[in-house]
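Have a look at upload14.csv; it's CSV, C-alpha atoms:
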```
chain,number,residue,atom,x,y,z
A,26,MET,CA,0.0,0.0,0.0
A,27,THR,CA,1.3,3.4,-1.0
A,28,MET,CA,0.9,6.2,1.6
A,29,VAL,CA,1.5,9.9,1.3
A,30,ALA,CA,3.7,11.0,4.1
A,31,PRO,CA,1.8,13.3,6.4
A,32,GLY,CA,3.8,16.4,5.7
A,33,ALA,CA,3.1,20.0,6.3
A,34,LYS,CA,2.2,20.5,2.6
A,35,ALA,CA,-0.7,18.1,2.8
A,36,GLU,CA,-2.0,19.7,6.0
A,37,LEU,CA,-1.9,23.1,4.5
A,38,ALA,CA,-3.9,22.0,1.5
A,39,ILE,CA,-6.6,20.7,3.8
A,40,GLU,CA,-6.7,23.8,5.9
A,41,ASP,CA,-7.0,26.0,2.8
A,42,ASP,CA,-9.9,24.2,1.5
A,43,GLY,CA,-12.8,25.8,3.4
A,44,PRO,CA,-14.9,28.6,1.9
A,45,ILE,CA,-12.9,31.8,1.3
A,46,PRO,CA,-13.3,34.3,4.1
A,47,TYR,CA,-14.1,37.2,1.8
A,48,MET,CA,-15.0,39.7,4.5
A,49,GLN,CA,-11.7,39.2,6.3
A,50,ARG,CA,-9.7,39.3,3.0
A,51,THR,CA,-11.4,42.5,2.0
A,52,ARG,CA,-10.8,44.1,5.4
A,53,ASP,CA,-7.1,43.2,5.4
A,54,TYR,CA,-6.7,44.2,1.8
A,55,TYR,CA,-8.1,47.7,2.2
A,56,LEU,CA,-6.3,48.3,5.5
A,57,ALA,CA,-3.1,47.3,3.8
A,58,LEU,CA,-3.8,49.8,1.0
A,59,GLY,CA,-4.1,52.5,3.7
A,60,TYR,CA,-7.8,52.9,4.0
A,61,GLY,CA,-9.1,53.0,7.6
A,62,ASN,CA,-12.6,52.5,8.8
A,63,PRO,CA,-13.3,49.0,7.4
A,64,TYR,CA,-16.6,48.4,5.6
A,65,ARG,CA,-19.5,47.3,7.8
A,66,TRP,CA,-21.2,44.4,6.1
A,67,ALA,CA,-24.9,44.0,6.6
A,68,ARG,CA,-25.9,41.7,9.5
A,69,PHE,CA,-29.2,40.9,11.1
A,70,ASP,CA,-30.3,38.7,14.0
A,71,GLU,CA,-33.7,38.0,12.7
A,72,VAL,CA,-34.2,36.3,9.3
A,73,PRO,CA,-37.6,36.3,7.6
A,74,PHE,CA,-39.0,33.1,6.1
A,75,THR,CA,-41.9,32.5,3.9
A,76,PRO,CA,-42.8,28.9,3.0
A,77,LEU,CA,-43.3,28.1,-0.7
A,78,ARG,CA,-47.1,27.8,-0.9
A,79,THR,CA,-47.5,26.8,-4.6
A,80,PRO,CA,-45.8,23.6,-5.7
A,81,LEU,CA,-42.8,24.6,-7.8
A,82,ASN,CA,-44.1,22.8,-10.9
A,83,ARG,CA,-47.0,25.3,-10.8
A,84,ALA,CA,-45.2,28.3,-9.5
A,85,ARG,CA,-44.1,31.4,-11.5
A,86,VAL,CA,-40.5,32.0,-10.6
A,87,ALA,CA,-38.7,35.3,-10.9
A,88,LEU,CA,-35.0,35.6,-11.7
A,89,ILE,CA,-33.0,38.5,-10.2
A,90,THR,CA,-29.4,39.2,-11.2
A,91,THR,CA,-26.6,41.7,-10.4
A,92,ALA,CA,-25.1,41.4,-13.9
A,93,ALA,CA,-25.1,44.6,-16.0
A,94,PRO,CA,-26.6,45.2,-19.5
A,95,TYR,CA,-23.7,45.7,-22.0
A,96,GLN,CA,-23.2,49.5,-22.5
A,97,PRO,CA,-21.3,50.1,-25.8
A,98,GLU,CA,-20.1,53.5,-24.6
A,99,ALA,CA,-18.8,52.3,-21.2
A,100,GLY,CA,-15.4,50.9,-22.1
A,101,ASN,CA,-14.0,47.4,-21.8
A,102,GLN,CA,-16.6,44.9,-20.6
A,103,GLU,CA,-15.2,41.8,-22.3
A,104,PRO,CA,-14.5,38.6,-20.5
A,105,GLY,CA,-11.4,39.2,-18.3
A,106,ALA,CA,-11.6,43.0,-18.6
A,107,PRO,CA,-10.2,44.9,-15.6
A,108,TYR,CA,-12.7,46.2,-13.0
A,109,ASN,CA,-14.8,48.7,-14.9
A,110,ALA,CA,-16.7,51.2,-12.7
A,111,ALA,CA,-18.1,53.0,-15.8
A,112,ALA,CA,-20.1,49.9,-16.6
A,113,LYS,CA,-22.0,49.9,-13.3
A,114,PHE,CA,-25.7,50.8,-13.1
A,115,TYR,CA,-27.6,52.5,-10.4
A,116,GLN,CA,-31.2,51.9,-11.3
A,117,VAL,CA,-33.2,48.7,-11.2
A,118,TYR,CA,-33.7,47.4,-14.7
A,119,SER,CA,-36.0,44.7,-16.3
A,120,ILE,CA,-35.7,42.9,-19.5
A,121,PRO,CA,-38.1,40.4,-21.1
A,122,SER,CA,-37.3,36.8,-20.2
A,123,GLU,CA,-38.0,35.8,-23.8
A,124,SER,CA,-35.0,37.8,-24.9
A,125,VAL,CA,-31.4,36.6,-24.9
A,126,PRO,CA,-29.8,39.5,-23.0
A,127,ASP,CA,-26.2,40.5,-23.2
A,128,LEU,CA,-25.3,40.9,-19.5
A,129,ARG,CA,-21.7,41.4,-18.3
A,130,ILE,CA,-19.9,41.4,-15.0
A,131,SER,CA,-16.9,43.7,-15.6
A,132,HIS,CA,-18.5,46.1,-13.1
A,133,VAL,CA,-18.0,43.8,-10.1
A,134,GLY,CA,-15.2,42.1,-8.2
A,135,TYR,CA,-15.4,38.5,-9.6
A,136,ASP,CA,-12.3,36.3,-9.5
A,137,ARG,CA,-10.4,37.5,-12.5
A,138,LYS,CA,-7.5,35.2,-11.9
A,139,HIS,CA,-9.4,32.0,-11.9
A,140,SER,CA,-12.5,32.8,-13.9
A,141,SER,CA,-12.8,34.6,-17.2
A,142,ALA,CA,-16.6,35.5,-17.3
A,143,ALA,CA,-16.6,34.0,-20.8
A,144,ASP,CA,-19.8,32.1,-20.3
A,145,ILE,CA,-22.8,34.1,-19.3
A,146,HIS,CA,-24.6,30.9,-18.1
A,147,ALA,CA,-22.0,30.5,-15.2
A,148,TYR,CA,-23.4,33.7,-13.6
A,149,PHE,CA,-26.8,34.1,-15.2
A,150,PRO,CA,-29.0,31.0,-15.2
A,151,LEU,CA,-31.7,32.3,-17.6
A,152,ALA,CA,-31.2,29.5,-20.2
A,153,ARG,CA,-31.1,26.8,-17.4
A,154,MET,CA,-34.3,28.3,-16.0
A,155,LYS,CA,-36.0,28.2,-19.4
A,156,ASP,CA,-34.9,24.5,-19.5
A,157,ALA,CA,-36.5,24.0,-16.1
A,158,ALA,CA,-39.8,25.6,-17.3
A,159,ALA,CA,-39.8,23.6,-20.5
A,160,ALA,CA,-39.3,20.4,-18.5
A,161,GLY,CA,-42.1,21.3,-16.1
A,162,ARG,CA,-39.8,21.5,-13.1
A,163,ILE,CA,-41.0,25.1,-12.5
A,164,GLY,CA,-44.5,26.3,-13.6
A,165,SER,CA,-43.1,29.2,-15.5
A,166,LEU,CA,-40.4,31.8,-15.6
A,167,GLY,CA,-41.5,35.4,-14.7
A,168,PRO,CA,-42.1,37.5,-17.8
A,169,ARG,CA,-39.1,39.7,-17.0
A,170,VAL,CA,-35.7,39.3,-15.6
A,171,HIS,CA,-34.8,42.0,-13.0
A,172,GLY,CA,-31.4,43.6,-12.4
A,173,ALA,CA,-30.3,44.7,-9.0
A,174,PRO,CA,-27.7,47.5,-8.7
A,175,THR,CA,-24.8,46.8,-6.4
A,176,ASN,CA,-24.1,49.5,-3.9
A,177,ARG,CA,-21.9,49.9,-0.8
A,178,SER,CA,-24.8,51.8,0.8
A,179,HIS,CA,-27.2,49.4,2.6
A,180,ARG,CA,-29.8,52.1,2.4
A,181,ALA,CA,-29.6,52.4,-1.4
A,182,THR,CA,-30.0,48.7,-1.7
A,183,GLU,CA,-33.1,48.8,0.6
A,184,THR,CA,-34.6,51.3,-1.8
A,185,ASP,CA,-33.8,49.1,-4.8
A,186,ALA,CA,-35.2,46.0,-2.9
A,187,GLU,CA,-38.6,47.8,-2.6
A,188,GLU,CA,-38.6,48.5,-6.3
A,189,LEU,CA,-37.7,44.9,-7.1
A,190,LEU,CA,-40.5,43.7,-4.8
A,191,ARG,CA,-42.9,46.0,-6.7
A,192,ARG,CA,-41.8,44.5,-10.1
A,193,CYS,CA,-42.0,40.9,-8.8
A,194,ARG,CA,-45.6,41.6,-7.7
A,195,GLU,CA,-46.4,43.1,-11.0
A,196,ASP,CA,-45.1,39.9,-12.6
A,197,ARG,CA,-47.2,37.8,-10.1
A,198,ALA,CA,-44.0,36.0,-9.2
A,199,GLU,CA,-44.6,33.3,-6.5
A,200,ALA,CA,-40.9,32.7,-5.8
A,201,ALA,CA,-37.6,34.2,-6.7
A,202,VAL,CA,-34.1,32.9,-7.6
A,203,LEU,CA,-31.4,35.5,-6.9
A,204,VAL,CA,-28.0,35.2,-8.4
A,205,PRO,CA,-25.0,37.5,-7.5
A,206,SER,CA,-22.2,37.8,-10.0
B,10,MET,CA,-21.1,43.7,-2.9
B,11,CYS,CA,-23.1,41.4,-5.2
B,12,HIS,CA,-23.7,38.9,-2.5
B,13,GLN,CA,-24.7,41.5,0.0
B,14,THR,CA,-27.1,43.1,-2.5
B,15,VAL,CA,-29.0,39.9,-3.2
B,16,SER,CA,-29.0,39.0,0.5
B,17,LEU,CA,-30.8,42.3,1.3
B,18,VAL,CA,-33.2,41.9,-1.6
B,19,ALA,CA,-34.0,38.3,-0.7
B,20,ARG,CA,-34.7,39.3,2.9
B,21,HIS,CA,-37.1,42.1,1.7
B,22,LEU,CA,-39.0,39.8,-0.7
B,23,GLU,CA,-39.3,37.2,1.9
B,24,GLU,CA,-40.6,39.7,4.5
B,25,GLN,CA,-43.3,40.6,2.0
B,26,GLY,CA,-44.3,37.1,1.3
B,27,ILE,CA,-42.2,35.9,-1.7
B,28,PRO,CA,-40.0,32.9,-1.0
B,29,THR,CA,-36.5,33.1,-2.3
B,30,VAL,CA,-33.3,31.2,-2.8
B,31,ILE,CA,-29.9,32.7,-3.4
B,32,MET,CA,-27.3,30.9,-5.6
B,33,GLY,CA,-23.9,32.2,-4.7
B,34,CYS,CA,-20.1,31.7,-4.0
B,35,ALA,CA,-19.4,33.9,-1.0
B,36,LYS,CA,-20.6,31.9,1.9
B,37,ASP,CA,-19.4,34.3,4.7
B,38,ILE,CA,-21.1,37.4,3.3
B,39,VAL,CA,-24.5,35.8,2.7
B,40,GLU,CA,-24.5,34.0,6.1
B,41,HIS,CA,-23.3,37.1,7.9
B,42,CYS,CA,-26.2,39.0,6.5
B,43,GLY,CA,-28.7,36.2,7.3
B,44,VAL,CA,-30.9,35.0,4.5
B,45,PRO,CA,-33.8,32.4,4.2
B,46,ARG,CA,-32.3,30.0,1.7
B,47,PHE,CA,-28.8,29.7,0.2
B,48,LEU,CA,-27.2,27.3,-2.2
B,49,PHE,CA,-23.4,27.7,-1.8
B,50,SER,CA,-21.1,26.7,-4.6
B,51,ASP,CA,-17.5,26.6,-3.6
B,52,PHE,CA,-16.4,28.2,-6.8
B,53,PRO,CA,-14.5,31.4,-7.7
B,54,LEU,CA,-16.6,34.5,-7.6
B,55,GLY,CA,-18.4,34.9,-10.9
B,56,ASN,CA,-19.7,31.3,-11.1
B,57,SER,CA,-22.8,31.4,-9.0
B,58,ALA,CA,-24.8,29.4,-11.5
B,59,GLY,CA,-22.3,26.6,-12.2
B,60,ARG,CA,-19.1,25.9,-14.0
B,61,PRO,CA,-18.5,27.9,-17.2
B,62,LEU,CA,-19.0,26.1,-20.5
B,63,ASP,CA,-20.5,23.1,-18.6
B,64,ALA,CA,-24.2,22.9,-19.1
B,65,GLU,CA,-24.5,19.8,-16.9
B,66,SER,CA,-22.8,21.6,-13.9
B,67,GLN,CA,-25.2,24.6,-14.4
B,68,THR,CA,-28.3,22.3,-14.6
B,69,ARG,CA,-27.3,20.5,-11.5
B,70,THR,CA,-26.6,23.8,-9.7
B,71,LEU,CA,-30.0,25.2,-10.6
B,72,GLU,CA,-31.8,21.9,-9.7
B,73,LEU,CA,-30.2,21.9,-6.2
B,74,ALA,CA,-31.2,25.6,-5.7
B,75,LEU,CA,-34.8,24.7,-6.6
B,76,ARG,CA,-34.7,21.8,-4.1
B,77,VAL,CA,-33.5,24.2,-1.4
B,78,LEU,CA,-36.3,26.6,-2.4
B,79,GLU,CA,-38.9,23.8,-2.0
B,80,SER,CA,-37.6,22.0,1.0
B,81,ALA,CA,-35.7,24.3,3.4
B,82,PRO,CA,-37.3,23.8,6.8
B,83,ALA,CA,-36.4,27.2,8.2
B,84,ALA,CA,-34.5,30.4,7.7
B,85,ARG,CA,-30.7,30.4,7.4
B,86,THR,CA,-30.8,27.2,5.5
B,87,THR,CA,-27.5,26.8,3.6
B,88,VAL,CA,-26.8,23.8,1.3
B,89,GLN,CA,-23.3,23.4,-0.1
B,90,SER,CA,-23.1,22.0,-3.6
B,91,PRO,CA,-21.0,18.8,-3.8
B,92,GLN,CA,-19.4,20.1,-7.0
B,93,ARG,CA,-15.7,21.0,-6.9
B,94,TRP,CA,-14.1,23.8,-9.0
B,95,ASN,CA,-11.1,21.5,-9.8
B,96,GLY,CA,-9.0,19.0,-8.1
B,97,VAL,CA,-6.9,21.4,-6.0
B,98,ALA,CA,-7.9,24.1,-3.7
B,99,SER,CA,-4.9,26.4,-4.3
B,100,TRP,CA,-7.1,28.9,-6.2
B,101,LYS,CA,-8.6,29.9,-2.9
B,102,ARG,CA,-5.3,31.5,-1.8
B,103,ASP,CA,-5.2,34.1,-4.6
B,104,TYR,CA,-8.2,36.4,-4.1
B,105,LEU,CA,-6.9,39.7,-2.7
B,106,ASP,CA,-3.8,37.9,-1.6
B,107,LEU,CA,-1.6,40.5,0.2
B,108,ALA,CA,1.4,38.1,0.4
B,109,LYS,CA,2.1,38.6,-3.3
B,110,LEU,CA,2.1,42.4,-3.2
B,111,SER,CA,5.2,44.5,-3.0
B,112,PRO,CA,5.0,48.0,-1.4
B,113,ASP,CA,5.1,49.5,-5.0
B,114,SER,CA,2.2,47.4,-6.2
B,115,ILE,CA,0.2,48.3,-3.1
B,116,ALA,CA,0.7,52.0,-3.9
B,117,GLU,CA,-0.4,51.2,-7.5
B,118,ARG,CA,-3.5,49.4,-6.3
B,119,ARG,CA,-4.4,52.3,-4.1
B,120,LYS,CA,-4.1,54.7,-7.0
B,121,GLU,CA,-6.3,52.5,-9.2
B,122,PHE,CA,-8.9,52.1,-6.5
B,123,ASP,CA,-9.1,55.9,-6.0
B,124,GLU,CA,-9.6,56.3,-9.7
B,125,VAL,CA,-12.3,53.6,-9.8
B,126,LYS,CA,-14.2,55.3,-6.9
B,127,THR,CA,-14.2,58.6,-8.7
B,128,ILE,CA,-15.6,57.0,-11.9
B,129,ALA,CA,-18.3,55.1,-9.9
B,130,ARG,CA,-19.3,58.2,-8.0
B,131,ALA,CA,-19.7,60.3,-11.2
B,132,LYS,CA,-21.8,57.5,-12.7
B,133,ARG,CA,-23.9,57.1,-9.6
B,134,GLU,CA,-24.6,60.9,-9.3
B,135,GLY,CA,-25.4,61.0,-13.0
B,136,SER,CA,-28.0,58.3,-12.9
```

Before we go any further, please render this structure as structure tokens.
Amino acid sequence: MTMVAPGAKAELAIEDDGPIPYMQRTRDYYLALGYGNPYRWARFDEVPFTPLRTPLNRARVALITTAAPYQPEAGNQEPGAPYNAAAKFYQVYSIPSESVPDLRISHVGYDRKHSSAADIHAYFPLARMKDAAAAGRIGSLGPRVHGAPTNRSHRATETDAEELLRRCREDRAEAAVLVPS
Amino acid sequence: MCHQTVSLVARHLEEQGIPTVIMGCAKDIVEHCGVPRFLFSDFPLGNSAGRPLDAESQTRTLELALRVLESAPAARTTVQSPQRWNGVASWKRDYLDLAKLSPDSIAERRKEFDEVKTIARAKREGS
């Protein structure tokens, strides 16, 4: 029987294999860059919960994304482009689910070293949700996909959340799938 | 910010009677906020819906999210996808890794970040 010697290297690999502590990494990174006053991430003791009342194969399901519609005038938004603040958006948007939207993620801090953003389906599951509707796994997809702006301000996001709720109700959505990019 | 954004939105929809599930890759941010249902994929940020150019991975990811939506017994339900990004976990060391940055490159990053903030502020105020 062949055995790998229990060396430090093997132990390190195991230790490193948990979920990445993004809040800690971000805090350390911006402190090292010289910014004080670390960002305060949203945190709540109470968490709401609404049971799914309609069986999923009869339910209308909304899709909400943080990806941004491609803006030709806003610079490089190609897969692997550097962080592009000009491609950000600050208003909730909606586009027909029947369309094949061109949504990009150059405006957010995705992992540019290990991921190229070359496949929209890896961060925006519209096609897979259409598959699920066609297969009868969900009753239907909402008529529109909704876009949520990403903001450091909790208050700005709370305002956007109210608008997204309004649009989900207009669409008579009975459940929602939310996908950050 | 993406993960915090959808967490706050999911909480609001849920408070108002619409059940939600989040598909995401930043476990700590989502759980810190506190959300009803969360499918965690241990993938690099940007792959919340499955592995790129891998329809089967994406289909399995969505299916698991839908099962979480249907069957979570209570708030703060996190399910971790069994899918792995690749055979080794070394990619996890690289995100905002300070150990690889010289003082010069730290100064350069700070300059870039200040520029980015200025662009974002102008865009926000213009919208």

**Request:** Show which residues sit within 8 Å of Gly100 of chain A, as an MDAnalysis selection string. Count all atoms listed in the file, and ignore same-chain residues fewer than 2 positions away.
**Result:** chainID A and resid 96:98 102 109 111:112

Residues of chain A no more than 7 Å from chain B, counting all atoms listed in the file: send them over as a CSV table (one decimal) with C-alpha atoms, in the coordinates of the input.
```
chain,number,residue,atom,x,y,z
A,38,ALA,CA,-3.9,22.0,1.5
A,41,ASP,CA,-7.0,26.0,2.8
A,42,ASP,CA,-9.9,24.2,1.5
A,44,PRO,CA,-14.9,28.6,1.9
A,45,ILE,CA,-12.9,31.8,1.3
A,46,PRO,CA,-13.3,34.3,4.1
A,47,TYR,CA,-14.1,37.2,1.8
A,48,MET,CA,-15.0,39.7,4.5
A,50,ARG,CA,-9.7,39.3,3.0
A,54,TYR,CA,-6.7,44.2,1.8
A,58,LEU,CA,-3.8,49.8,1.0
A,67,ALA,CA,-24.9,44.0,6.6
A,68,ARG,CA,-25.9,41.7,9.5
A,69,PHE,CA,-29.2,40.9,11.1
A,72,VAL,CA,-34.2,36.3,9.3
A,73,PRO,CA,-37.6,36.3,7.6
A,74,PHE,CA,-39.0,33.1,6.1
A,75,THR,CA,-41.9,32.5,3.9
A,76,PRO,CA,-42.8,28.9,3.0
A,77,LEU,CA,-43.3,28.1,-0.7
A,91,THR,CA,-26.6,41.7,-10.4
A,110,ALA,CA,-16.7,51.2,-12.7
A,111,ALA,CA,-18.1,53.0,-15.8
A,115,TYR,CA,-27.6,52.5,-10.4
A,135,TYR,CA,-15.4,38.5,-9.6
A,136,ASP,CA,-12.3,36.3,-9.5
A,139,HIS,CA,-9.4,32.0,-11.9
A,140,SER,CA,-12.5,32.8,-13.9
A,142,ALA,CA,-16.6,35.5,-17.3
A,144,ASP,CA,-19.8,32.1,-20.3
A,146,HIS,CA,-24.6,30.9,-18.1
A,147,ALA,CA,-22.0,30.5,-15.2
A,148,TYR,CA,-23.4,33.7,-13.6
A,149,PHE,CA,-26.8,34.1,-15.2
A,150,PRO,CA,-29.0,31.0,-15.2
A,153,ARG,CA,-31.1,26.8,-17.4
A,175,THR,CA,-24.8,46.8,-6.4
A,176,ASN,CA,-24.1,49.5,-3.9
A,177,ARG,CA,-21.9,49.9,-0.8
A,182,THR,CA,-30.0,48.7,-1.7
A,183,GLU,CA,-33.1,48.8,0.6
A,186,ALA,CA,-35.2,46.0,-2.9
A,190,LEU,CA,-40.5,43.7,-4.8
A,199,GLU,CA,-44.6,33.3,-6.5
A,200,ALA,CA,-40.9,32.7,-5.8
A,201,ALA,CA,-37.6,34.2,-6.7
A,202,VAL,CA,-34.1,32.9,-7.6
A,203,LEU,CA,-31.4,35.5,-6.9
A,204,VAL,CA,-28.0,35.2,-8.4
A,205,PRO,CA,-25.0,37.5,-7.5
A,206,SER,CA,-22.2,37.8,-10.0
```

**Asked** Could you state the separation of atom CA of Val88 of chain B and atom CA of His132 of chain A in Å, given to one decimal place?
**Response**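 Those two atoms sit 27.8 Å apart.
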
Quick one: 4 Å padding each side, axis-aligned, all listed atoms of segment 157-163 of chain A - centre and edge lengths in Å to one decimal, as JSON?
```
{"center_x": -39.3, "center_y": 23.0, "center_z": -16.5, "size_x": 13.6, "size_y": 13.2, "size_z": 16.0}
```
